[in-house]
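The structure appears right after this line, and notes come after that.
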Amino acid sequence: MGIRSLLILGYDAFFDGPKPEDRLELVRHIPKNAILAEILGLNYRIRPTTKLHDNTTPELQIDLIDYFLPIPLTSALNAKVKAIFSSIVRRQRSVIFDRPSCLFATEEILASDIPYEIDGFEMAKRENWEAIFKYLLLVNDEITTIKEEKDDANINFEVINPKLLPLNAVTIEEDFYSVPYRSYRLLKFIEAIPEIGDELISYLRETYDMNIEEFSKFIVQVYYGNSTQKEIIGFHYQVPEEEQAKFEKLSKRIITEEPSKLIGIRKAPFIQTAPNRFMLADQSFLVAKAYGQFLNDFWFDHLKKCRDENGQNRFNYQDYRSHFGQFFESYLRDIFEGAFKDKKHFNLLLFDDLKFETPQGQIELSDVYLRNGNKVLVGEVKSSSIYDKEKFGGDIETLYKGDRNKFFKDFGVDQAVKHILDINKHIKHLDPGYEHVGSKQIYPCIVVNDPALLTPLMADVFNKRFQELLKDQDLGDLHVKPLAVIGVNDLERLEFELDRKPALIWNLLRTNSTQQMIPPFYNTTNRHVTGRRYPERIKDFYKRILPE
């Protein structure tokens, strides 16, 4: 089964007549803290800290209609909305309340000049609830609006992809159990880098008054701290005085005029409402604060400002990203070895193992090579990311920075084609058994770090470019399957299962490659792997930082 689309319903689905021109005017009479409490509570009910997926079920949508259009205050509108929604959802998987809209609305309300408190305000009035409901519908319209093309005949998945990228990027799941461990490994890796490691220790101490172990423990404890609370209040945090300064650091606001980029709540995933009271803006951004967002914060808030005695920059951004690339490779090595090392009939080669000397010099055959009989996985590893300017541009020209070929080359598509041909020519020197298995089934993949590269349309777009490059190649007896784009979070989830059933990798790759539209790999994994189990080193990490 392929990707299932989700229709986000807007204002016109429920109301006739012209739309309000200024959606903020609808809620300007409601205190900012009151609006935020409702939006953040909604966001938490859609994806609480105990869940990996957004809850988009019709049952929850009906519950939320009853919440935001309470009876008897809004009985007539409640009945109308339920009837329309029920009619639509029978034909098309649909939602009124969704997480991307919650995040956009949170950022927009925070940046507005609506006062935090209004004397004499009473929430329990029909006009307040109807105003918030209409505001959320208008936000739905805003986030699903895409730029019109000059020539609608040219519309295809590749054209639509950048238009939907901002919306889709925030829906990608991150495993709340694996990411803190990955973050800890990253911080320990950076700590070992000369000079940068010292700056990391200083940054953590100056910013959070913590060391690496304390910071990792704090993020985990905060994430799980309210998980036993009812979903309707689980996003509220009341903290002891000694913890207040740490939460304030995670609440330090950056006001932005571009709410679609979510910069404010990405940098500050908490919102302070009183000296010891905080609301969680988004649980995924809290975890990212120790990994993806941490990389940005550490560079822009600290390393970029470091100067030598001559006033020159001490650190170079390209070197910084190169260090991260080295970490990413070392982290993936552990996963691949945990899954496939010493498995009978499996031959695994990684990174430096695949460097080969030729008369013309050394070549690298690939980043990942896995063979089991005549089935061969050829993988590229890419730690780079799509930057905000390109991610939120909304069109192909911006996403590709005016150079489509270079975009795909930078993210490993050209390498994937080249390395398939190089392996077929040279791998016999590193894997003698390759020559003796006859016709080969080649499963190419690119392993990525950036969640934006895992959005629903991206895998199919990458495969389209892969097929363009592959079509003129002499493949001989190679049967090359469509390209898969696999996230590090996919591999984290699969390591335990693959360690016990390594042949599962071929079932997943084959299923993923036979879809008419190539889906994101997590889509295939979610349909064929139930439950989540983790290797011992991740369990040991939690035992160490969270002793009983």
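Lettering and numbering for the structure tokens are positional, with chains as A, B, ... in the shown order, residues counted from 1 in each chain, and ligands counted from 1 in the shown order.
Those residues in segment 508-545 of chain A carrying a DSSP assignment of helix (DSSP H, G or I), computed from the backbone, are Leu508, Leu509, Arg510, Thr511, Asn512, Ser513, Phe521, Tyr522, Asn523, Thr524, Thr525, Asn526, Arg527, His528, Glu536, Arg537, Ile538, Lys539, Asp540, Phe541, Tyr542, Lys543, Arg544 and Ile545 of chain A.
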Select from segment 93-173 of chain A every residue with an atom at most 9 Å from any atom of segment 55-60 of chain A, then for each give the shortest pair of atoms and their distance in Å to one decimal, using only C-alpha atoms, rows by chain and rising number, as a Markdown table.
```
| residue | atom | partner | partner_atom | distance |
| --- | --- | --- | --- | --- |
| A:Arg93 | CA | A:Pro58 | CA | 8.5 |
| A:Ser94 | CA | A:Pro58 | CA | 7.8 |
| A:Val95 | CA | A:Thr56 | CA | 6.6 |
| A:Phe97 | CA | A:Thr56 | CA | 8.3 |
| A:Asp98 | CA | A:Thr56 | CA | 7.5 |
```
Same residues, N, CA and C atoms, output as a PDB file, in the first residue's frame:
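After the write, out.pdb holds the following:
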```
ATOM      1  N   ARG A  93      -9.976  10.786   3.641  1.00  0.00           N
ATOM      2  CA  ARG A  93      -9.309  10.898   4.947  1.00  0.00           C
ATOM      3  C   ARG A  93      -9.019  12.380   5.207  1.00  0.00           C
ATOM      4  N   SER A  94      -9.625  12.930   6.276  1.00  0.00           N
ATOM      5  CA  SER A  94      -9.609  14.384   6.478  1.00  0.00           C
ATOM      6  C   SER A  94      -9.429  14.743   7.948  1.00  0.00           C
ATOM      7  N   VAL A  95      -8.958  15.972   8.175  1.00  0.00           N
ATOM      8  CA  VAL A  95      -8.848  16.505   9.532  1.00  0.00           C
ATOM      9  C   VAL A  95      -9.218  17.982   9.530  1.00  0.00           C
ATOM     10  N   PHE A  97      -8.369  19.528  12.762  1.00  0.00           N
ATOM     11  CA  PHE A  97      -7.332  19.880  13.728  1.00  0.00           C
ATOM     12  C   PHE A  97      -6.075  19.079  13.416  1.00  0.00           C
ATOM     13  N   ASP A  98      -4.964  19.756  13.163  1.00  0.00           N
ATOM     14  CA  ASP A  98      -3.734  19.071  12.774  1.00  0.00           C
ATOM     15  C   ASP A  98      -2.527  19.757  13.381  1.00  0.00           C
TER      16      ASP A  98
END
```
- Message: With only C-alpha atoms as the counted atoms, please give the residues lying no more than 6 Å from segment 156-172 of chain A, apart from itself and same-chain residues fewer than 5 positions off, as number ranges by chain.
- Response: A: 146, 392, 394-395, 452, 455, 457, 461
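Each of A:Phe327, A:Phe356, A:Tyr542, A:Tyr400 was compared to Ile193 of chain A using only C-alpha atoms, and A:Phe327 turns out to be the nearest.
Excluding Thr511 of chain A and any residue on its chain fewer than 6 positions from it, the residues at most 12 Å away by only C-alpha atoms are Met1, Gly2, Tyr443, Lys481, Pro482, Ala484, Leu504, Ile505, Met517, Ile518, Pro519, Pro520, Phe521, Tyr522, Asn523, Thr524, Thr525, Arg527 and His528 of chain A.
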- Shell around Asn374 of chain A at 9 Å using only C-alpha atoms, local window under 5 positions removed, as a ChimeraX atom specification: /A:434,436-442
- Name all residues at most 9 Å from Phe215 of chain A (count only C-alpha atoms; drop same-chain ones fewer than 6 positions away) and give them as a PyMOL selection string. chain A and resi 184+204+208-209+290
Quick one: write out the picked residues with all heavy atoms as a JSON list (two decimals), in the first residue's frame?
```json
[["chain", "number", "residue", "atom", "x", "y", "z"],
["A", 184, "TYR", "N", 23.31, 12.18, 22.74],
["A", 184, "TYR", "CA", 24.41, 11.96, 23.70],
["A", 184, "TYR", "C", 25.67, 11.53, 22.96],
["A", 184, "TYR", "O", 26.77, 12.03, 23.25],
["A", 184, "TYR", "CB", 23.99, 10.91, 24.72],
["A", 184, "TYR", "CG", 25.08, 10.54, 25.70],
["A", 184, "TYR", "CD1", 25.37, 11.38, 26.79],
["A", 184, "TYR", "CD2", 25.81, 9.37, 25.55],
["A", 184, "TYR", "CE1", 26.38, 11.05, 27.69],
["A", 184, "TYR", "CE2", 26.81, 9.03, 26.45],
["A", 184, "TYR", "CZ", 27.10, 9.87, 27.52],
["A", 184, "TYR", "OH", 28.09, 9.54, 28.41],
["A", 204, "LEU", "N", 27.72, 24.54, 27.21],
["A", 204, "LEU", "CA", 26.72, 23.87, 28.05],
["A", 204, "LEU", "C", 26.71, 24.46, 29.45],
["A", 204, "LEU", "O", 25.64, 24.63, 30.06],
["A", 204, "LEU", "CB", 27.01, 22.37, 28.12],
["A", 204, "LEU", "CG", 26.66, 21.55, 26.87],
["A", 204, "LEU", "CD1", 27.14, 20.11, 27.03],
["A", 204, "LEU", "CD2", 25.16, 21.58, 26.60],
["A", 208, "TYR", "N", 23.30, 26.33, 30.11],
["A", 208, "TYR", "CA", 22.38, 25.52, 30.91],
["A", 208, "TYR", "C", 22.91, 25.17, 32.30],
["A", 208, "TYR", "O", 22.20, 24.53, 33.07],
["A", 208, "TYR", "CB", 22.07, 24.21, 30.16],
["A", 208, "TYR", "CG", 21.43, 24.41, 28.82],
["A", 208, "TYR", "CD1", 22.16, 24.22, 27.64],
["A", 208, "TYR", "CD2", 20.10, 24.80, 28.70],
["A", 208, "TYR", "CE1", 21.58, 24.40, 26.40],
["A", 208, "TYR", "CE2", 19.51, 24.98, 27.46],
["A", 208, "TYR", "CZ", 20.26, 24.78, 26.31],
["A", 208, "TYR", "OH", 19.68, 24.96, 25.08],
["A", 209, "ASP", "N", 24.16, 25.56, 32.58],
["A", 209, "ASP", "CA", 24.79, 25.20, 33.85],
["A", 209, "ASP", "C", 24.80, 23.69, 34.05],
["A", 209, "ASP", "O", 24.49, 23.17, 35.12],
["A", 209, "ASP", "CB", 24.09, 25.89, 35.03],
["A", 209, "ASP", "CG", 24.92, 25.80, 36.31],
["A", 209, "ASP", "OD1", 26.16, 25.68, 36.21],
["A", 209, "ASP", "OD2", 24.33, 25.83, 37.41],
["A", 290, "ALA", "N", 18.28, 18.87, 21.57],
["A", 290, "ALA", "CA", 19.51, 18.20, 21.97],
["A", 290, "ALA", "C", 20.22, 17.54, 20.78],
["A", 290, "ALA", "O", 21.26, 16.93, 20.96],
["A", 290, "ALA", "CB", 19.20, 17.13, 23.02]]
```
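Residue nearest Asp472 of chain A, chosen from A:Thr514, A:Val417, A:Val139, A:Asn313 and counting only C-alpha atoms: A:Val417.
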